[in-house]
Amino acid sequence: MQSLLPRPSLIRRIADQTAGLTFIRAPAGAGKSVLLRMVADDLGKPVCIAHQPRMDDVCDGWLIWDVPVTVQSARLSSQVLDAARSILIACRPEQRISGTARRIMHRGAVTYGAADLVFANEELKALPDEQRRILLEDYEGWPAFLPIAARPDDAACVDYLREAFLSSLSPAQTTELSIWLEAPSVETSGDWKAFLPPLLVHGAERHSDILRLLTLAVGERLAALTAGGAVIDVASALERAGRPLAAMDLLLDHGHEEHAAQILQRAQGRELIYRSSVDAFRKIVMRFSQAMIATNETVLFAVARTLLKQGELPRVRHLLARHLGHDYLDPLKVLSRNSRFSFAARTFRLNLMISEDLTPSDAMIARLGEFMADYPLGDDAKWSSYYNSILEFEIRRRNFREAEAAAARALIYLRKQGGQPLLEFFIHLHQIVLRLTSGDVLLARRAAKEARSRLEQVPHAAVQEFRMLRLAEACLAYEAGRPRGLLDFVQDDFEPFAAAEIWPSLMQFALHYASQVLGDYFAMTIRPGFLDGLWIHLSEGLQFHAMMEIRTAIAYQNANRWADAAATLTAVRIPLGRNWVESATDELMRLSRRDEIAYAMAWLRDAVHLATPRPYLPRQIDALISNPKVTNRQRVALQLWQSFTAYQRRDNAAVRTHLLSALETATRLGCNGVLSEERIFLSPLLNNKRIRSFIETSHDVRTALSIFAASINSPQARALHGGLSQREIQMLQLVAAGLPNKRIAHTLNISEPTVKFHIGNLFRKLGCSRRAEALRAATALGWL
């Protein structure tokens, strides 16, 4: 087709060149060979197509050489150069012709590139109008697309592109091209770009049709290459392009498991999960055989990391014990300096301690310091991982300063690596947890902004992580008196949140806020009841058992069911016991474990509500306030209890002092949620006009009280004032949630006829006969 289109102007320019060397250098499809023959015909000279021109290829001082495609480099002999006055060479950009430097220096050289070979409008006048338009507008006059413009058949075009452009590409170059086709960009580098027409390299967005056809052709070419034994070359190219998961997937598809394991090791094994989608990582890693898991530690720990992400702690422990021995389950044996385990195994054991909810003793922290001495000084990734672990441990140990220091160091090492947005997000999320746990809400808000900023930089899907962030942001909103987000999270997102890998401090944090918001806004039987949903995903080790029971007991207390709360606390498996708590004074200052402090406070809370509290209760509360492991949030609650016990003793001066301190602290830290949880003690104090008029002189107190007033003006409170009973409010909330009678009966652990009886009473008070009418009426009254 190209031979039928005369190009006299271009032919004459080339033939009249006076330089010693003339190159026609362009990628495949530029029409070099056709143009070269046109020039040769015009001059009446032959065309040499040999790999190496000889003397008899020179005709009347002319050497016209069409360099074969298979030639990578060639050298013109001095005899040929001396015999030829004019040399015209057609070659591709990647082909190298040597021996010409002297000729170029003395007589010069001219090169006609790809841009010079495109068809101009006047050269296409012989073509039909539509074909000319397609070639000029869609393909920018590129000669190779002349047949496609004449015959737009997809199958034929794909075959043509594969043969014309891709046949000379190596497996690696074809792979790089396939990656570029996913998101064409001018900035992309690679020697494969020399094989493409300039219109694709510099203006791909204007040629979607040819990109589509080229993508199909490249896919077929890659399939042929991998079927022909080039799997490892293609996988290596994928790995160099930063796609280790795709490389491993390809290798595993073709039975090259050992090579796939090597790529996993070079990609830092289990750490790769933080640079890719969890689902994509799981899909690849879980394909390794049991034999490979048994013989390759990198694969073993990657599989274990994947199972932890799915919340499968028991399976992980079983897997590691089977392959590494049961002594691997003892962290002291693993982390000792003379341990038989590898450095990678000891590092993973440190991370496993987090999921097991182990709280290290001072001796264990010292052992970890010894283990840290073995870390390579320049390995920033390992150091950031170490400090991330220390961060979690110090949160559990209620050493918040040390936790903040560990977070800062972890961020320093992550930034030394050039930044790891997902891992930085986890550090900031830890900071939110530790600051909200300690009661410093204002600082927690700063960490939340940083966490969102980092998470939005993660290039892959991070559904689970965004769910964690939504929880943290909902808790911050709750502290500011906006509970709706947290209520929605508990009802809609808590189950998938808890089903995934959640490190224990975050789970404890979630349980605390979830149980508090449910207790605040749902007046119902606590267990069995709505809170049972929080039990669904407990691990077999029941590491959250004590905290769950303590939170349930507090919910019972807030519902004025003190006997049920006492029974629940009595069943908690904590070595202290009720008698110890009731008789302890100075010993309360030395409690250090998170659950033990919460347990002791729950029993003291029981004592505070008594009409005649025991005389030494103020000393017990003071002891806990002096305990360095007690959080600021807990101190606010303890100060409120001090005020309430003083109120029972009619010591108004002490009431005002403790209450003022509690409210000002809550406002200064922003932890207003604790006021809502302690409303059973705070409300009676605020109902006393003399006490209230005294404390309201403080601006901070007025701020705290406005948020507290909004929290107690909940739909539940309005419904109570409107004449509904606690049970009828339960029914209204569950009906609004769309639960049928049978499900409501199961949730509240009552019979279905009882449910119908209470719903009947609810309908009668609302003047309705159907659920939809009742919901509309309740919404209008502000009860929902």
# chains A, B, ... in the order shown; residues from 1 in each chain; ligands from 1

$ select_by_dssp --residues "region 241-400 of chain A" --states "helix (DSSP H, G or I)" --output "PyMOL selection string"
chain A and resi 244-253+257-266+269-275+278-285+290-295+297-309+313-324+326-329+331-335+343-355+362-372+380-396+400

$ residues_around --residues "Ser384 (chain A)" --least-positions-apart "3" --cutoff "12 Å" --atoms "only C-alpha atoms" --output "ChimeraX atom specification"
/A:271,347,372,375-381,387-391,406-417,419-420,423-424,426-427

$ closest_residue --among "A:Met507, A:Met364, A:Val299, A:Ala474" --to "Asp330 (chain A)" --atoms "only C-alpha atoms"
A:Met364

$ residues_around --residues "region 75-92 of chain A" --least-positions-apart "6" --cutoff "9 Å" --atoms "only C-alpha atoms" --output "PyMOL selection string"
chain A and resi 14-15+17-28+32-33+36+52-69+98-100+103+194-195

$ write_last_selection --atoms "N, CA and C atoms" --output "compact mmCIF listing (two decimals), in the first residue's frame"
# COMPACT_ATOMS: atom_id res chain seq x y z
N ILE A 14 16.38 13.18 0.32
CA ILE A 14 17.33 12.16 0.76
C ILE A 14 18.39 11.92 -0.32
N ALA A 15 17.95 11.82 -1.59
CA ALA A 15 18.89 11.50 -2.67
C ALA A 15 19.89 12.62 -2.90
N GLN A 17 21.26 14.55 -0.65
CA GLN A 17 22.12 14.84 0.49
C GLN A 17 23.60 14.75 0.10
N THR A 18 24.39 15.69 0.59
CA THR A 18 25.83 15.70 0.29
C THR A 18 26.67 15.22 1.46
N ALA A 19 26.03 14.92 2.60
CA ALA A 19 26.78 14.44 3.77
C ALA A 19 27.34 13.06 3.46
N GLY A 20 28.38 12.72 4.22
CA GLY A 20 29.02 11.43 3.99
C GLY A 20 28.15 10.26 4.39
N LEU A 21 27.27 10.47 5.36
CA LEU A 21 26.40 9.40 5.85
C LEU A 21 24.98 9.94 6.00
N THR A 22 24.02 9.19 5.52
CA THR A 22 22.61 9.54 5.71
C THR A 22 21.92 8.37 6.39
N PHE A 23 21.33 8.64 7.54
CA PHE A 23 20.61 7.60 8.28
C PHE A 23 19.11 7.84 8.17
N ILE A 24 18.37 6.76 7.94
CA ILE A 24 16.91 6.76 8.15
C ILE A 24 16.70 5.90 9.39
N ARG A 25 16.58 6.56 10.53
CA ARG A 25 16.55 5.84 11.82
C ARG A 25 15.18 6.04 12.46
N ALA A 26 14.40 4.97 12.53
CA ALA A 26 13.04 5.07 13.07
C ALA A 26 12.58 3.68 13.51
N PRO A 27 11.59 3.61 14.41
CA PRO A 27 11.11 2.31 14.86
C PRO A 27 10.36 1.56 13.77
N ALA A 28 10.01 0.33 14.09
CA ALA A 28 9.26 -0.51 13.15
C ALA A 28 7.97 0.17 12.76
N LYS A 32 10.57 2.59 6.65
CA LYS A 32 11.98 2.80 6.26
C LYS A 32 12.35 2.01 5.00
N SER A 33 12.00 0.71 5.02
CA SER A 33 12.41 -0.15 3.90
C SER A 33 11.76 0.29 2.59
N LEU A 36 13.41 3.45 1.49
CA LEU A 36 14.77 3.18 1.00
C LEU A 36 14.74 2.64 -0.43
N GLN A 52 26.29 -7.78 6.79
CA GLN A 52 27.55 -7.06 6.72
C GLN A 52 27.81 -6.69 5.26
N PRO A 53 27.72 -5.42 4.88
CA PRO A 53 27.96 -5.03 3.48
C PRO A 53 29.38 -5.39 3.03
N ARG A 54 29.48 -5.76 1.75
CA ARG A 54 30.77 -6.09 1.17
C ARG A 54 31.10 -5.10 0.06
N MET A 55 32.27 -5.26 -0.53
CA MET A 55 32.71 -4.32 -1.55
C MET A 55 31.78 -4.32 -2.76
N ASP A 56 31.28 -5.51 -3.14
CA ASP A 56 30.44 -5.55 -4.34
C ASP A 56 29.03 -5.00 -4.10
N ASP A 57 28.71 -4.60 -2.83
CA ASP A 57 27.44 -3.93 -2.57
C ASP A 57 27.50 -2.44 -2.86
N VAL A 58 28.72 -1.95 -3.10
CA VAL A 58 28.89 -0.54 -3.45
C VAL A 58 28.75 -0.41 -4.96
N CYS A 59 27.84 0.48 -5.41
CA CYS A 59 27.54 0.63 -6.84
C CYS A 59 27.70 2.10 -7.23
N ASP A 60 28.69 2.33 -8.08
CA ASP A 60 28.94 3.70 -8.56
C ASP A 60 29.10 4.68 -7.39
N GLY A 61 29.82 4.25 -6.34
CA GLY A 61 30.07 5.11 -5.19
C GLY A 61 28.92 5.19 -4.20
N TRP A 62 27.85 4.44 -4.39
CA TRP A 62 26.69 4.45 -3.49
C TRP A 62 26.60 3.11 -2.73
N LEU A 63 26.40 3.22 -1.41
CA LEU A 63 26.02 2.05 -0.61
C LEU A 63 24.66 2.34 0.02
N ILE A 64 23.66 1.61 -0.40
CA ILE A 64 22.30 1.75 0.17
C ILE A 64 22.01 0.46 0.94
N TRP A 65 21.96 0.60 2.27
CA TRP A 65 21.94 -0.59 3.14
C TRP A 65 20.69 -0.57 4.02
N ASP A 66 19.86 -1.60 3.90
CA ASP A 66 18.69 -1.82 4.76
C ASP A 66 19.10 -2.82 5.83
N VAL A 67 19.42 -2.36 7.02
CA VAL A 67 19.95 -3.22 8.08
C VAL A 67 18.87 -4.21 8.51
N PRO A 68 19.15 -5.52 8.46
CA PRO A 68 18.14 -6.51 8.86
C PRO A 68 17.70 -6.32 10.31
N VAL A 69 16.46 -6.69 10.58
CA VAL A 69 15.88 -6.55 11.93
C VAL A 69 16.66 -7.34 12.96
N SER A 98 28.76 0.75 13.90
CA SER A 98 30.07 1.29 14.28
C SER A 98 31.00 1.36 13.08
N GLY A 99 32.15 1.96 13.28
CA GLY A 99 33.14 2.12 12.22
C GLY A 99 32.93 3.37 11.40
N THR A 100 31.95 4.19 11.76
CA THR A 100 31.59 5.36 10.94
C THR A 100 32.06 6.68 11.52
N ARG A 103 34.23 8.92 9.18
CA ARG A 103 33.47 9.46 8.06
C ARG A 103 32.56 10.61 8.55
N ALA A 194 11.54 3.17 22.27
CA ALA A 194 12.11 3.42 20.94
C ALA A 194 11.42 2.58 19.87
N PHE A 195 10.72 1.52 20.28
CA PHE A 195 10.05 0.64 19.32
C PHE A 195 8.67 1.16 18.94

$ atom_distance --atom1 "CA of Thr306 (chain A)" --atom2 "CA of Gly269 (chain A)"
11.0 Å

$ closest_residue --among "A:Ser355, A:Asn121, A:Thr568, A:Ser339" --to "Glu137 (chain A)" --atoms "only C-alpha atoms"
A:Asn121

$ atom_distance --atom1 "CA of Pro575 (chain A)" --atom2 "CA of Leu358 (chain A)"
16.8 Å

$ atom_distance --atom1 "CA of Arg346 (chain A)" --atom2 "CA of Glu465 (chain A)"
26.5 Å

$ closest_residue --among "A:Leu177, A:Leu251, A:Ala183, A:Asn741" --to "Arg221 (chain A)" --atoms "only C-alpha atoms"
A:Leu177

$ residues_around --residues "Ile354 (chain A)" --least-positions-apart "3" --cutoff "12 Å" --atoms "only C-alpha atoms" --output "PyMOL selection string"
chain A and resi 308+313+331+347-351+357-360+385-386+388-396+501-507+543
